[in-house]
Amino acid sequence: MNLTSRYRINSPAVIGEIIDGEAIIIHLDSGAYFSAQGTAARIWDLIAQGASMQQVVEALAGEYDSDSLSISFALPALINQLLSHELIVPEEGGTAPQLTFTASASKLPFEEPRLEVFRDMQNLLMIDPIHEVDLERGWPAEPTGNE
Amino acid sequence: MSDRLASAAPAAFFQALDDAYQRAEANCGVISTRIKIANIAVEQRFAGNALAETFTRATHHLVSEAAHEADLTVCIWDSASTGVALPPIPWEYFPDIYTRSYGAQGEIDGYNDQRFGLLHSQWFNQIQMLDRQRKRAIIWVEDASKLPYWEVAFPLRTILHLWSRDLPLQLLHAAAVGDAQGGVLIVGRSGSGKSTTALACLDSDLLYAGDDYVGVTLAPEAYIHCLYGVAKLVNDNLSRFAELEPYLINVNRADDEKAIIDLQQVVPQRLTSGFRLRAILMPCITGGRDTRLSPGKRGAALLALAPTTLFQTIAAKPTSFTKLARLVREVPVYSLNVGSDLRQIPRVIAEFLKRETA
């Protein structure tokens, strides 16, 4: 990740809504779902708008009580989490949209952006028939681990 | 396959299914029932009698005698009792193998579009297909005697979900209780206390709309619909409601089967067709004795409601998610901090509703 990087929501597999400052995100293919609050929700919102990482830093610096350098150091951890869970993918090409950010008169305390992960629904989904089926016994037998 | 051929495939298969159903009906006669479920007039037609009890047991309280044309007709048959085989499956299909044609929950690629919806549950050999244009659905089962035990508890759930896609109606994995002026929706993951909370209210003046699945209409105002007049409890929890044991539907159940209770026999006067939705409650077991309400977070309500609802449905999940987000934005949210004295639950809810509707 660098400050010119841009990402997009990995739709249609990923859906999300922001409710009262909390982003609720669901990965329909993996069955995992997520909660992002505070700075993490704001970052998710900005990614959904097509913002570059530079724009994300600028927006957060205006809204939270932290400097741009500290924010830019805190950002990669969340971005890597979002990428590893396949919630976002790199946006290739195009340019960042024109976004206007207004500095807040009273800034919020800056907290490290955190993503909460829930996996309890994953057992409701079928085994991936293409990748996770024992080749000899077929579905629904899982691979034995000897392959 | 070309786009033109691909779009013709669902229509052709639906016609083949319907033709097969008609042969089954000609062979074995028809049982026809009419229900009004979530304001949808549904005619159910059964070829023979092998499936009628399973699909109607939970909706006796919704039987309607209306003579006007049904909004939706659902035709149901099985091959084992009627002698009519399923038409050839046109998508890539091998028994016990989920090919690339199959989505995560059995939805068939290319057969879920603007007009059609199709689910093939290979595990117990059931196909459910809806044609929205013809307002007709077909449910085929290979053998009625091999349906899973839970089918009696929420019949037509997939068809209703598919049908509601374009309506301001959403099926929810939730419980609901209330009174004539309004009620509460009880949301949470499996094991969070939805059923316990709803069933604790049976011994009160509160009305019961469901403990596992209910419908909600979002416009013109949020309104809860009772879908099924049964309740499901894990065996460990059944001991808290021992008075309900005489009304078990699945008396000879396996150890891992939930107990299904016919509430239409227990408290028919407590079953309601629905009520206006006043609030969303998230039960939280406290470990203490007393039950009380406290303000809740809307994001937490969506977390409690959306995954468990979406991952038990097929198709149109983004549309459903949007409806659920709208619901939690429009209706107040509370935590129901549940104590060990279950008798307090209906009292707390009733007092809350009294304040809300004063």
# chains A, B, ... in the order shown; residues from 1 in each chain; ligands from 1
$ select_by_dssp --residues "range 119-328 of chain B" --states "strand (DSSP E)" --output "PyMOL selection string"
chain B and resi 119-121+126-131+136-141+169-173+175-179+182-186+207-210+213-217+223-226+230-233+259-262+274-285+292-295
$ write_last_selection --atoms "C-alpha atoms" --output "tab-separated table (two decimals), in the first residue's frame"
chain	number	residue	atom	x	y	z
B	119	LEU	CA	-33.16	-23.96	-5.52
B	120	HIS	CA	-32.05	-27.60	-5.71
B	121	SER	CA	-31.41	-29.09	-2.26
B	126	GLN	CA	-35.98	-31.22	-3.30
B	127	ILE	CA	-36.42	-28.66	-6.07
B	128	GLN	CA	-38.28	-25.40	-5.52
B	129	MET	CA	-38.93	-23.10	-8.47
B	130	LEU	CA	-40.87	-19.87	-8.78
B	131	ASP	CA	-42.18	-18.15	-11.91
B	136	ARG	CA	-46.85	-19.95	-9.73
B	137	ALA	CA	-44.35	-22.08	-7.88
B	138	ILE	CA	-43.57	-25.78	-8.04
B	139	ILE	CA	-42.06	-27.81	-5.21
B	140	TRP	CA	-40.86	-31.30	-6.08
B	141	VAL	CA	-39.59	-33.81	-3.55
B	169	LEU	CA	-41.88	-7.69	2.68
B	170	GLN	CA	-38.88	-9.45	4.17
B	171	LEU	CA	-38.71	-12.80	5.92
B	172	LEU	CA	-36.64	-12.61	9.09
B	173	HIS	CA	-34.90	-15.16	11.25
B	175	ALA	CA	-39.08	-13.94	17.03
B	176	ALA	CA	-41.91	-11.50	17.77
B	177	VAL	CA	-44.47	-10.91	20.50
B	178	GLY	CA	-46.84	-8.04	21.17
B	179	ASP	CA	-50.42	-6.95	21.64
B	182	GLY	CA	-48.01	-3.26	18.56
B	183	GLY	CA	-45.14	-5.55	19.36
B	184	VAL	CA	-41.43	-6.18	19.42
B	185	LEU	CA	-39.07	-8.07	17.16
B	186	ILE	CA	-36.57	-10.25	19.00
B	207	LEU	CA	-49.73	-12.30	21.58
B	208	TYR	CA	-47.29	-14.60	19.78
B	209	ALA	CA	-46.17	-14.07	16.18
B	210	GLY	CA	-43.25	-16.48	15.98
B	213	TYR	CA	-39.30	-16.94	11.41
B	214	VAL	CA	-41.57	-13.93	10.98
B	215	GLY	CA	-42.28	-11.53	8.14
B	216	VAL	CA	-41.94	-7.76	8.23
B	217	THR	CA	-43.55	-5.28	5.88
B	223	TYR	CA	-45.55	-4.39	10.49
B	224	ILE	CA	-44.84	-7.91	11.73
B	225	HIS	CA	-46.57	-10.92	10.18
B	226	CYS	CA	-46.93	-14.28	11.86
B	230	VAL	CA	-45.08	-23.65	15.81
B	231	ALA	CA	-42.03	-23.21	18.01
B	232	LYS	CA	-38.67	-24.99	17.97
B	233	LEU	CA	-36.57	-25.66	21.04
B	259	ALA	CA	-38.35	-30.25	19.51
B	260	ILE	CA	-41.14	-28.78	17.38
B	261	ILE	CA	-44.21	-27.68	19.31
B	262	ASP	CA	-47.61	-27.05	17.76
B	274	GLY	CA	-49.48	-9.68	13.14
B	275	PHE	CA	-49.06	-6.27	14.67
B	276	ARG	CA	-47.34	-2.95	14.16
B	277	LEU	CA	-43.63	-3.10	15.02
B	278	ARG	CA	-42.69	-0.79	17.91
B	279	ALA	CA	-39.12	-1.83	18.70
B	280	ILE	CA	-36.33	-4.32	18.09
B	281	LEU	CA	-35.02	-6.18	21.13
B	282	MET	CA	-31.70	-8.00	21.36
B	283	PRO	CA	-31.79	-10.57	24.17
B	284	CYS	CA	-28.68	-10.84	26.26
B	285	ILE	CA	-28.42	-13.44	29.02
B	292	ARG	CA	-34.63	-5.05	32.13
B	293	LEU	CA	-34.42	-3.03	28.96
B	294	SER	CA	-31.58	-0.69	28.05
B	295	PRO	CA	-30.91	1.40	24.92
$ closest_atom_pairs --of "chain B" --to "chain A" --cutoff "9 Å" --atoms "only C-alpha atoms" --output "CSV"
residue,atom,partner,partner_atom,distance
B:Asp96,CA,A:Trp139,CA,6.0
B:Ile97,CA,A:Trp139,CA,5.0
B:Tyr98,CA,A:Pro129,CA,5.6
B:Thr99,CA,A:Pro129,CA,6.6
B:Arg100,CA,A:Ile130,CA,7.2
B:Tyr102,CA,A:Pro129,CA,8.6
B:Gly103,CA,A:Met126,CA,8.6
B:Ala104,CA,A:Met126,CA,5.3
B:Gln105,CA,A:Leu125,CA,6.3
B:Gly106,CA,A:Met126,CA,8.5
B:Arg189,CA,A:Asp120,CA,8.9
B:Lys297,CA,A:Asp20,CA,8.1
B:Arg298,CA,A:Ile19,CA,6.5
B:Gly299,CA,A:Ile19,CA,5.4
B:Ala300,CA,A:Ile24,CA,8.7
B:Leu302,CA,A:Ile24,CA,7.4
B:Leu303,CA,A:Ile24,CA,6.7
B:Ala306,CA,A:Ile26,CA,8.7
B:Pro307,CA,A:Met121,CA,7.0
B:Thr308,CA,A:Met121,CA,7.0
B:Leu310,CA,A:Leu28,CA,8.5
B:Phe311,CA,A:Leu124,CA,6.9
B:Gln312,CA,A:Leu124,CA,7.6
B:Lys317,CA,A:Leu28,CA,8.1
B:Pro318,CA,A:Ile15,CA,6.6
B:Phe321,CA,A:Ile15,CA,8.0
B:Thr322,CA,A:Glu17,CA,7.9
B:Ala325,CA,A:Glu17,CA,7.0
B:Val328,CA,A:Ile19,CA,8.4
B:Arg329,CA,A:Ile19,CA,7.3
$ closest_residue --among "A:Ala59, A:Ile9, A:Ala40, A:Leu46" --to "Thr102 in chain A" --atoms "only C-alpha atoms"
A:Ala59
$ residues_around --residues "Glu112 in chain A" --least-positions-apart "3" --cutoff "9 Å" --atoms "only C-alpha atoms" --output "list in words"
Thr39, Ala40, Ile71, Ala74, Leu75 and Leu78 of chain A
$ write_last_selection --atoms "C-alpha atoms" --output "short mmCIF file (atom, residue, chain, number, x, y, z; two decimals), in the first residue's frame"
data_model
loop_
_atom_site.label_atom_id
_atom_site.label_comp_id
_atom_site.auth_asym_id
_atom_site.auth_seq_id
_atom_site.Cartn_x
_atom_site.Cartn_y
_atom_site.Cartn_z
CA THR A 39 -12.06 5.36 12.35
CA ALA A 40 -12.41 1.94 10.69
CA ILE A 71 -2.61 8.14 10.61
CA ALA A 74 -2.00 3.18 11.31
CA LEU A 75 -3.74 2.73 7.95
CA LEU A 78 -6.59 -2.17 8.45
#
$ closest_residue --among "A:Leu3, A:Ile88, A:Leu108, A:Ala77" --to "Val56 in chain A" --atoms "only C-alpha atoms"
A:Leu3
$ atom_distance --atom1 "CA of Ala61 in chain A" --atom2 "CA of Ser106 in chain A"
12.0 Å
$ select_by_dssp --residues "range 95-230 of chain B" --states "alpha helix (DSSP H)" --output "list in words"
Arg157, Thr158, Ile159, Leu160, His161, Leu162, Trp163, Lys194, Ser195, Thr196, Thr197, Ala198, Leu199 and Ala200 of chain B
$ closest_residue --among "A:Gln81, A:Ser11, A:Thr95, A:Ser70" --to "Ala51 in chain A" --atoms "only C-alpha atoms"
A:Thr95
$ residues_around --residues "Pro97 in chain A" --least-positions-apart "3" --cutoff "9 Å" --atoms "only C-alpha atoms" --output "ChimeraX atom specification"
/A:49-52
